$ cat my_file18.pdb   # PDB, C-alpha atoms
ATOM      1  CA  MET Y   1     253.135  27.154 157.795
ATOM      2  CA  LEU Y   2     251.022  29.515 155.713
ATOM      3  CA  LEU Y   3     253.093  31.727 153.382
ATOM      4  CA  THR Y   4     251.962  34.845 151.536
ATOM      5  CA  PRO Y   5     253.701  36.849 148.809
ATOM      6  CA  GLY Y   6     254.615  40.493 148.564
ATOM      7  CA  ALA Y   7     252.522  42.967 146.580
ATOM      8  CA  GLY Y   8     254.451  42.551 143.336
ATOM      9  CA  SER Y   9     254.914  38.795 143.366
ATOM     10  CA  SER Y  10     252.965  35.580 143.637
ATOM     11  CA  ALA Y  11     252.919  32.455 145.754
ATOM     12  CA  SER Y  12     255.500  31.001 143.374
ATOM     13  CA  HIS Y  13     258.181  33.494 144.502
ATOM     14  CA  SER Y  14     261.521  31.692 144.755
ATOM     15  CA  SER Y  15     261.990  32.267 148.496
ATOM     16  CA  LEU Y  16     258.513  30.932 149.313
ATOM     17  CA  LEU Y  17     259.168  27.870 147.152
ATOM     18  CA  ALA Y  18     262.550  27.381 148.857
ATOM     19  CA  ILE Y  19     261.005  27.583 152.341
ATOM     20  CA  GLU Y  20     258.320  25.062 151.405
ATOM     21  CA  ALA Y  21     260.883  22.649 149.935
ATOM     22  CA  ALA Y  22     263.137  22.883 152.984
ATOM     23  CA  LEU Y  23     260.433  22.413 155.611
ATOM     24  CA  GLY Y  24     259.042  19.078 154.425
ATOM     25  CA  PRO Y  25     257.413  17.061 155.867
ATOM     26  CA  MET Y  26     255.918  20.066 157.721
ATOM     27  CA  PRO Y  27     252.736  21.062 155.876
ATOM     28  CA  VAL Y  28     253.262  24.360 154.040
ATOM     29  CA  LEU Y  29     250.655  26.284 152.073
ATOM     30  CA  ARG Y  30     251.636  29.124 149.758
ATOM     31  CA  ILE Y  31     248.686  31.330 148.807
ATOM     32  CA  ASP Y  32     247.983  34.133 146.390
ATOM     33  CA  PHE Y  33     245.761  37.021 147.392
ATOM     34  CA  PRO Y  34     242.448  37.496 145.512
ATOM     35  CA  TYR Y  35     243.744  40.326 143.314
ATOM     36  CA  ARG Y  36     246.515  38.035 142.042
ATOM     37  CA  ARG Y  37     244.112  35.170 141.384
ATOM     38  CA  GLU Y  38     241.930  37.595 139.420
ATOM     39  CA  GLY Y  39     244.874  38.701 137.269
ATOM     40  CA  ARG Y  40     245.120  42.208 138.715
ATOM     41  CA  LYS Y  41     248.447  43.821 139.644
ATOM     42  CA  ALA Y  42     247.240  46.335 142.235
ATOM     43  CA  PRO Y  43     246.665  44.873 145.715
ATOM     44  CA  ASP Y  44     243.300  45.076 147.397
ATOM     45  CA  ARG Y  45     242.928  47.150 150.545
ATOM     46  CA  ALA Y  46     244.142  45.672 153.826
ATOM     47  CA  PRO Y  47     240.729  44.473 155.133
ATOM     48  CA  LYS Y  48     240.236  42.219 152.088
ATOM     49  CA  LEU Y  49     243.826  40.925 152.292
ATOM     50  CA  ILE Y  50     243.484  40.228 156.023
ATOM     51  CA  ALA Y  51     240.169  38.425 155.425
ATOM     52  CA  CYS Y  52     241.950  36.251 152.857
ATOM     53  CA  VAL Y  53     244.643  35.339 155.404
ATOM     54  CA  ARG Y  54     241.974  34.445 157.973
ATOM     55  CA  GLU Y  55     240.012  32.295 155.502
ATOM     56  CA  GLU Y  56     243.050  30.501 154.110
ATOM     57  CA  ALA Y  57     244.419  29.842 157.620
ATOM     58  CA  ALA Y  58     241.104  28.292 158.711
ATOM     59  CA  ILE Y  59     240.924  26.083 155.605
ATOM     60  CA  PHE Y  60     244.577  25.069 155.915
ATOM     61  CA  ALA Y  61     244.248  24.200 159.625
ATOM     62  CA  ALA Y  62     241.183  22.069 158.895
ATOM     63  CA  THR Y  63     242.804  20.348 155.899
ATOM     64  CA  ALA Y  64     246.057  19.672 157.787
ATOM     65  CA  ALA Y  65     244.078  18.590 160.872
ATOM     66  CA  VAL Y  66     245.948  20.973 163.182
ATOM     67  CA  ASP Y  67     244.701  23.447 165.724
ATOM     68  CA  PRO Y  68     244.735  26.918 164.088
ATOM     69  CA  SER Y  69     246.837  28.204 166.986
ATOM     70  CA  ARG Y  70     249.652  25.836 165.856
ATOM     71  CA  LEU Y  71     250.030  27.501 162.447
ATOM     72  CA  VAL Y  72     253.011  29.705 161.718
ATOM     73  CA  LEU Y  73     251.957  32.561 159.466
ATOM     74  CA  GLY Y  74     253.993  34.917 157.375
ATOM     75  CA  GLY Y  75     255.508  35.799 154.082
ATOM     76  CA  ARG Y  76     257.270  38.477 152.140
ATOM     77  CA  SER Y  77     256.771  42.203 152.594
ATOM     78  CA  MET Y  78     253.066  43.061 152.267
ATOM     79  CA  GLY Y  79     252.057  39.419 152.733
ATOM     80  CA  GLY Y  80     253.888  39.145 156.032
ATOM     81  CA  ARG Y  81     252.463  42.479 157.127
ATOM     82  CA  MET Y  82     248.907  41.253 156.398
ATOM     83  CA  CYS Y  83     249.572  38.125 158.458
ATOM     84  CA  SER Y  84     250.818  40.263 161.351
ATOM     85  CA  LEU Y  85     247.721  42.471 161.115
ATOM     86  CA  ALA Y  86     245.461  39.395 161.089
ATOM     87  CA  VAL Y  87     247.164  38.113 164.249
ATOM     88  CA  ALA Y  88     246.858  41.546 165.870
ATOM     89  CA  GLU Y  89     243.125  41.372 165.118
ATOM     90  CA  GLY Y  90     242.858  38.034 166.920
ATOM     91  CA  LEU Y  91     243.778  35.306 164.425
ATOM     92  CA  PRO Y  92     245.469  32.573 166.472
ATOM     93  CA  ALA Y  93     249.002  31.605 165.427
ATOM     94  CA  ALA Y  94     252.101  29.974 166.882
ATOM     95  CA  GLY Y  95     254.479  32.488 165.313
ATOM     96  CA  LEU Y  96     255.116  34.983 162.529
ATOM     97  CA  VAL Y  97     257.784  34.813 159.815
ATOM     98  CA  LEU Y  98     258.198  38.307 158.379
ATOM     99  CA  ILE Y  99     260.547  38.470 155.404
ATOM    100  CA  SER Y 100     261.399  42.017 154.251
ATOM    101  CA  TYR Y 101     258.746  43.494 156.552
ATOM    102  CA  PRO Y 102     257.809  46.954 155.183
ATOM    103  CA  LEU Y 103     258.284  49.084 158.284
ATOM    104  CA  HIS Y 104     257.392  52.162 156.193
ATOM    105  CA  PRO Y 105     257.160  53.104 152.507
ATOM    106  CA  PRO Y 106     260.559  53.919 150.949
ATOM    107  CA  GLY Y 107     261.557  57.498 151.702
ATOM    108  CA  LYS Y 108     258.636  57.987 154.110
ATOM    109  CA  PRO Y 109     259.855  56.922 157.565
ATOM    110  CA  GLU Y 110     257.090  59.009 159.132
ATOM    111  CA  ASN Y 111     254.458  56.604 157.701
ATOM    112  CA  LEU Y 112     255.176  53.762 160.092
ATOM    113  CA  ARG Y 113     253.371  50.430 159.860
ATOM    114  CA  THR Y 114     253.862  49.559 163.512
ATOM    115  CA  ALA Y 115     250.662  50.570 165.349
ATOM    116  CA  HIS Y 116     249.664  46.903 165.744
ATOM    117  CA  PHE Y 117     253.042  45.755 167.118
ATOM    118  CA  PRO Y 118     251.909  45.888 170.802
ATOM    119  CA  LEU Y 119     249.267  43.244 169.958
ATOM    120  CA  LEU Y 120     251.806  40.681 168.658
ATOM    121  CA  ASP Y 121     252.278  38.509 171.727
ATOM    122  CA  LEU Y 122     253.893  35.559 169.931
ATOM    123  CA  PRO Y 123     257.339  34.708 168.582
ATOM    124  CA  CYS Y 124     258.267  36.787 165.526
ATOM    125  CA  LEU Y 125     261.099  36.332 163.041
ATOM    126  CA  PHE Y 126     262.158  39.330 160.946
ATOM    127  CA  VAL Y 127     264.515  38.679 158.011
ATOM    128  CA  SER Y 128     265.626  41.884 156.294
ATOM    129  CA  GLY Y 129     268.283  43.115 153.928
ATOM    130  CA  GLU Y 130     270.756  45.607 155.370
ATOM    131  CA  ARG Y 131     270.019  47.913 152.417
ATOM    132  CA  ASP Y 132     266.210  47.664 152.577
ATOM    133  CA  ALA Y 133     264.589  51.043 151.785
ATOM    134  CA  PHE Y 134     261.470  49.939 153.716
ATOM    135  CA  GLY Y 135     263.302  50.067 157.063
ATOM    136  CA  THR Y 136     266.837  50.393 158.373
ATOM    137  CA  ARG Y 137     268.392  48.426 161.195
ATOM    138  CA  ASP Y 138     268.179  51.495 163.460
ATOM    139  CA  GLU Y 139     264.492  51.957 162.619
ATOM    140  CA  PHE Y 140     263.725  48.317 163.371
ATOM    141  CA  ASP Y 141     265.712  48.526 166.614
ATOM    142  CA  GLU Y 142     263.635  51.558 167.593
ATOM    143  CA  HIS Y 143     260.241  49.926 166.953
ATOM    144  CA  LEU Y 144     260.492  46.171 167.524
ATOM    145  CA  GLY Y 145     260.608  46.667 171.297
ATOM    146  CA  ALA Y 146     256.865  47.382 171.107
ATOM    147  CA  ILE Y 147     256.241  43.707 170.305
ATOM    148  CA  PRO Y 148     255.578  41.757 173.529
ATOM    149  CA  GLY Y 149     256.415  38.394 171.931
ATOM    150  CA  ARG Y 150     259.980  37.139 171.444
ATOM    151  CA  VAL Y 151     261.559  38.859 168.451
ATOM    152  CA  THR Y 152     264.395  37.420 166.394
ATOM    153  CA  GLN Y 153     266.062  39.556 163.743
ATOM    154  CA  VAL Y 154     268.244  38.285 160.912
ATOM    155  CA  TRP Y 155     270.044  40.875 158.799
ATOM    156  CA  VAL Y 156     271.217  39.857 155.353
ATOM    157  CA  PRO Y 157     274.414  41.702 154.358
ATOM    158  CA  LYS Y 158     274.550  43.589 151.067
ATOM    159  CA  ALA Y 159     270.875  42.884 150.336
ATOM    160  CA  GLY Y 160     267.929  45.131 149.583
ATOM    161  CA  HIS Y 161     264.190  44.652 149.977
ATOM    162  CA  ASP Y 162     264.020  41.950 147.305
ATOM    163  CA  LEU Y 163     266.670  39.777 149.024
ATOM    164  CA  LYS Y 164     267.541  38.623 145.510
ATOM    165  CA  GLY Y 165     269.732  35.548 145.481
ATOM    166  CA  LYS Y 166     269.407  35.087 149.247
ATOM    167  CA  ASP Y 167     266.902  32.217 149.383
ATOM    168  CA  ALA Y 168     269.406  29.912 151.141
ATOM    169  CA  VAL Y 169     269.992  32.537 153.859
ATOM    170  CA  ILE Y 170     266.239  33.011 154.296
ATOM    171  CA  VAL Y 171     265.607  29.270 154.509
ATOM    172  CA  ASP Y 172     268.404  28.825 157.042
ATOM    173  CA  ALA Y 173     267.017  31.656 159.194
ATOM    174  CA  VAL Y 174     263.495  30.195 159.100
ATOM    175  CA  GLN Y 175     264.655  26.653 159.907
ATOM    176  CA  GLN Y 176     266.865  27.767 162.809
ATOM    177  CA  TRP Y 177     264.117  29.974 164.220
ATOM    178  CA  LEU Y 178     261.475  27.233 163.980
ATOM    179  CA  HIS Y 179     263.737  24.805 165.843
ATOM    180  CA  HIS Y 180     264.733  27.408 168.450
ATOM    181  CA  GLU Y 181     261.085  28.273 169.104
ATOM    182  CA  GLY Y 182     260.040  24.599 169.185
ATOM    183  CA  LEU Y 183     257.730  25.071 166.218
ATOM    184  CA  ALA Y 184     259.325  22.601 163.808
TER     185      ALA Y 184
END

$ encode --input "my_file18.pdb" --output "structure tokens"
Amino acid sequence: MLLTPGAGSSASHSSLLAIEAALGPMPVLRIDFPYRREGRKAPDRAPKLIACVREEAAIFAATAAVDPSRLVLGGRSMGGRMCSLAVAEGLPAAGLVLISYPLHPPGKPENLRTAHFPLLDLPCLFVSGERDAFGTRDEFDEHLGAIPGRVTQVWVPKAGHDLKGKDAVIVDAVQQWLHHEGLA
């Protein structure tokens, strides 16, 4: 599994660390995007972030000696979104784990980030807080039907976009989904 962070965090985010720890002996790689490695706070534009996902996935597949199509890709917020965009552009993957997927910017539901959903023909797990300003349950229900792959949604009660303190819930959702999809 290749895991990517959200825009304001790094590969050492607690939920990414918790997923990695729980999935052993499955190989897990947590990556930082180039802007983070360079010490910058502002994310690069999507094409550079997507290129990073593609490069890191190829290196990881080669290092782990697995077919790239067997990798599960994903991460938190922007990182998960970049993985989904990379897959929509043709990057092979076995599934997507999308934690706190940013369906739209807060307060701007008209700026949807769903145009690529019809190209996601693989199993997808969405883990979101019920109070996430980046997308409500009703908004997700309205747009996830555009994804041709199997979609699993897990809603975390009383949680916002950061899913603070919910690492155990996230890990449980990821583990159950991996086993259900036959990816573990």

$ atom_distance --input "my_file18.pdb" --atom1 "CA of His180 in chain Y" --atom2 "CA of Phe126 in chain Y"
14.3 Å

$ resolve_selection --input "my_file18.pdb" --expression "the PyMOL selection byres ((chain Y and resi 18) around 12)" --output "list of chain:residue names"
Y:Leu3, Y:Ala11, Y:Ser12, Y:His13, Y:Ser14, Y:Ser15, Y:Leu16, Y:Leu17, Y:Ile19, Y:Glu20, Y:Ala21, Y:Ala22, Y:Leu23, Y:Gly24, Y:Val28, Y:Arg30, Y:Gly165, Y:Lys166, Y:Asp167, Y:Ala168, Y:Val169, Y:Ile170, Y:Val171, Y:Asp172, Y:Val174, Y:Gln175

$ residues_around --input "my_file18.pdb" --residues "Ser9 in chain Y" --least-positions-apart "6" --cutoff "12 Å" --atoms "all atoms listed in the file" --output "ChimeraX atom specification"
/Y:15-16,31-33,35-37,39-43,75-79,162

$ axis_aligned_box --input "my_file18.pdb" --around "range 30-35 of chain Y" --padding-each-side "6 Å" --output "JSON"
{"center_x": 247.0, "center_y": 34.7, "center_z": 146.5, "size_x": 21.2, "size_y": 23.2, "size_z": 18.4}

$ resolve_selection --input "my_file18.pdb" --expression "the PyMOL selection byres ((chain Y and resi 85-91) around 9)" --output "ChimeraX atom specification"
/Y:46,50-51,53-54,57,68-69,73,80-84,92-93,96,116-121

$ write_last_selection --input "my_file18.pdb" --atoms "C-alpha atoms" --output "compact mmCIF listing (two decimals), keeping the file's coordinate frame"
# COMPACT_ATOMS: atom_id res chain seq x y z
CA ALA Y 46 244.14 45.67 153.83
CA ILE Y 50 243.48 40.23 156.02
CA ALA Y 51 240.17 38.42 155.43
CA VAL Y 53 244.64 35.34 155.40
CA ARG Y 54 241.97 34.44 157.97
CA ALA Y 57 244.42 29.84 157.62
CA PRO Y 68 244.74 26.92 164.09
CA SER Y 69 246.84 28.20 166.99
CA LEU Y 73 251.96 32.56 159.47
CA GLY Y 80 253.89 39.15 156.03
CA ARG Y 81 252.46 42.48 157.13
CA MET Y 82 248.91 41.25 156.40
CA CYS Y 83 249.57 38.12 158.46
CA SER Y 84 250.82 40.26 161.35
CA PRO Y 92 245.47 32.57 166.47
CA ALA Y 93 249.00 31.60 165.43
CA LEU Y 96 255.12 34.98 162.53
CA HIS Y 116 249.66 46.90 165.74
CA PHE Y 117 253.04 45.76 167.12
CA PRO Y 118 251.91 45.89 170.80
CA LEU Y 119 249.27 43.24 169.96
CA LEU Y 120 251.81 40.68 168.66
CA ASP Y 121 252.28 38.51 171.73

$ closest_residue --input "my_file18.pdb" --among "Y:Val72, Y:Ala115, Y:Val156, Y:Leu103" --to "Thr136 in chain Y" --atoms "only C-alpha atoms"
Y:Leu103

$ closest_residue --input "my_file18.pdb" --among "Y:Leu29, Y:Cys52, Y:Val154, Y:Ala133" --to "Lys108 in chain Y" --atoms "all atoms listed in the file"
Y:Ala133

$ closest_residue --input "my_file18.pdb" --among "Y:Ala7, Y:Ala184, Y:Gln153, Y:Ile59" --to "Pro25 in chain Y" --atoms "all atoms listed in the file"
Y:Ala184

$ closest_residue --input "my_file18.pdb" --among "Y:Glu56, Y:Trp155, Y:Asp44, Y:Gln176" --to "Asp138 in chain Y" --atoms "only C-alpha atoms"
Y:Trp155

$ closest_residue --input "my_file18.pdb" --among "Y:Gly107, Y:Glu181, Y:Asp67, Y:Lys164" --to "Pro123 in chain Y" --atoms "all atoms listed in the file"
Y:Glu181

$ atom_distance --input "my_file18.pdb" --atom1 "CA of Arg137 in chain Y" --atom2 "CA of Ala94 in chain Y"
25.3 Å

$ closest_residue --input "my_file18.pdb" --among "Y:Val127, Y:Glu55, Y:Asn111, Y:Pro148" --to "Leu98 in chain Y" --atoms "all atoms listed in the file"
Y:Val127

$ resolve_selection --input "my_file18.pdb" --expression "the PyMOL selection byres ((chain Y and resi 134) around 6)" --output "list of chain:residue names"
Y:Pro102, Y:Leu103, Y:His104, Y:Pro105, Y:Pro106, Y:Asp132, Y:Ala133, Y:Gly135

$ atom_distance --input "my_file18.pdb" --atom1 "CA of Ser100 in chain Y" --atom2 "CA of Gly129 in chain Y"
7.0 Å

$ decode --input "my_file18.pdb" --residues "range 10-34 of chain Y" --atoms "N, CA and C atoms" --output "CSV table (one decimal), in the first residue's frame"
chain,number,residue,atom,x,y,z
Y,10,SER,N,2.4,15.6,6.8
Y,10,SER,CA,3.5,14.9,6.2
Y,10,SER,C,3.2,13.4,6.2
Y,11,ALA,N,4.1,12.6,5.7
Y,11,ALA,CA,4.0,11.2,5.7
Y,11,ALA,C,4.0,10.6,7.1
Y,12,SER,N,4.4,11.4,8.1
Y,12,SER,CA,4.4,10.9,9.5
Y,12,SER,C,3.1,11.3,10.2
Y,13,HIS,N,2.0,11.6,9.5
Y,13,HIS,CA,0.7,11.8,10.1
Y,13,HIS,C,0.3,10.6,10.9
Y,14,SER,N,-0.3,10.8,12.0
Y,14,SER,CA,-0.6,9.7,12.9
Y,14,SER,C,-1.5,8.6,12.3
Y,15,SER,N,-2.4,9.0,11.4
Y,15,SER,CA,-3.3,7.9,10.9
Y,15,SER,C,-2.5,7.1,9.8
Y,16,LEU,N,-1.6,7.7,9.1
Y,16,LEU,CA,-0.8,7.0,8.1
Y,16,LEU,C,0.2,6.0,8.9
Y,17,LEU,N,0.8,6.5,9.9
Y,17,LEU,CA,1.6,5.6,10.8
Y,17,LEU,C,0.8,4.5,11.3
Y,18,ALA,N,-0.4,4.7,11.8
Y,18,ALA,CA,-1.2,3.7,12.4
Y,18,ALA,C,-1.6,2.6,11.3
Y,19,ILE,N,-1.9,3.1,10.1
Y,19,ILE,CA,-2.3,2.1,9.1
Y,19,ILE,C,-1.1,1.2,8.8
Y,20,GLU,N,0.1,1.9,8.6
Y,20,GLU,CA,1.3,1.1,8.3
Y,20,GLU,C,1.6,0.1,9.4
Y,21,ALA,N,1.5,0.5,10.7
Y,21,ALA,CA,1.8,-0.4,11.8
Y,21,ALA,C,0.8,-1.6,11.8
Y,22,ALA,N,-0.5,-1.3,11.5
Y,22,ALA,CA,-1.5,-2.4,11.6
Y,22,ALA,C,-1.4,-3.4,10.4
Y,23,LEU,N,-0.9,-3.0,9.3
Y,23,LEU,CA,-1.0,-3.8,8.1
Y,23,LEU,C,0.2,-4.8,7.9
Y,24,GLY,N,1.2,-4.6,8.8
Y,24,GLY,CA,2.4,-5.6,8.7
Y,24,GLY,C,1.9,-7.0,8.7
Y,25,PRO,N,2.5,-7.9,7.9
Y,25,PRO,CA,3.7,-7.7,7.1
Y,25,PRO,C,3.5,-7.2,5.7
Y,26,MET,N,2.2,-6.7,5.4
Y,26,MET,CA,2.0,-6.1,4.1
Y,26,MET,C,3.0,-4.9,3.9
Y,27,PRO,N,3.7,-4.9,2.8
Y,27,PRO,CA,4.6,-3.7,2.5
Y,27,PRO,C,3.7,-2.4,2.4
Y,28,VAL,N,4.1,-1.4,3.2
Y,28,VAL,CA,3.5,-0.1,3.1
Y,28,VAL,C,4.6,0.9,3.0
Y,29,LEU,N,4.3,1.9,2.1
Y,29,LEU,CA,5.2,3.0,1.9
Y,29,LEU,C,4.4,4.3,2.1
Y,30,ARG,N,4.9,5.1,3.0
Y,30,ARG,CA,4.4,6.4,3.2
Y,30,ARG,C,5.3,7.4,2.5
Y,31,ILE,N,4.7,8.3,1.7
Y,31,ILE,CA,5.6,9.3,1.0
Y,31,ILE,C,5.2,10.7,1.3
Y,32,ASP,N,6.2,11.6,1.1
Y,32,ASP,CA,5.9,13.0,1.2
Y,32,ASP,C,6.0,13.5,-0.3
Y,33,PHE,N,5.2,14.5,-0.6
Y,33,PHE,CA,5.2,15.1,-1.9
Y,33,PHE,C,6.5,16.0,-2.0
Y,34,PRO,N,6.9,16.3,-3.2
Y,34,PRO,CA,8.2,17.2,-3.4
Y,34,PRO,C,8.2,18.5,-2.6
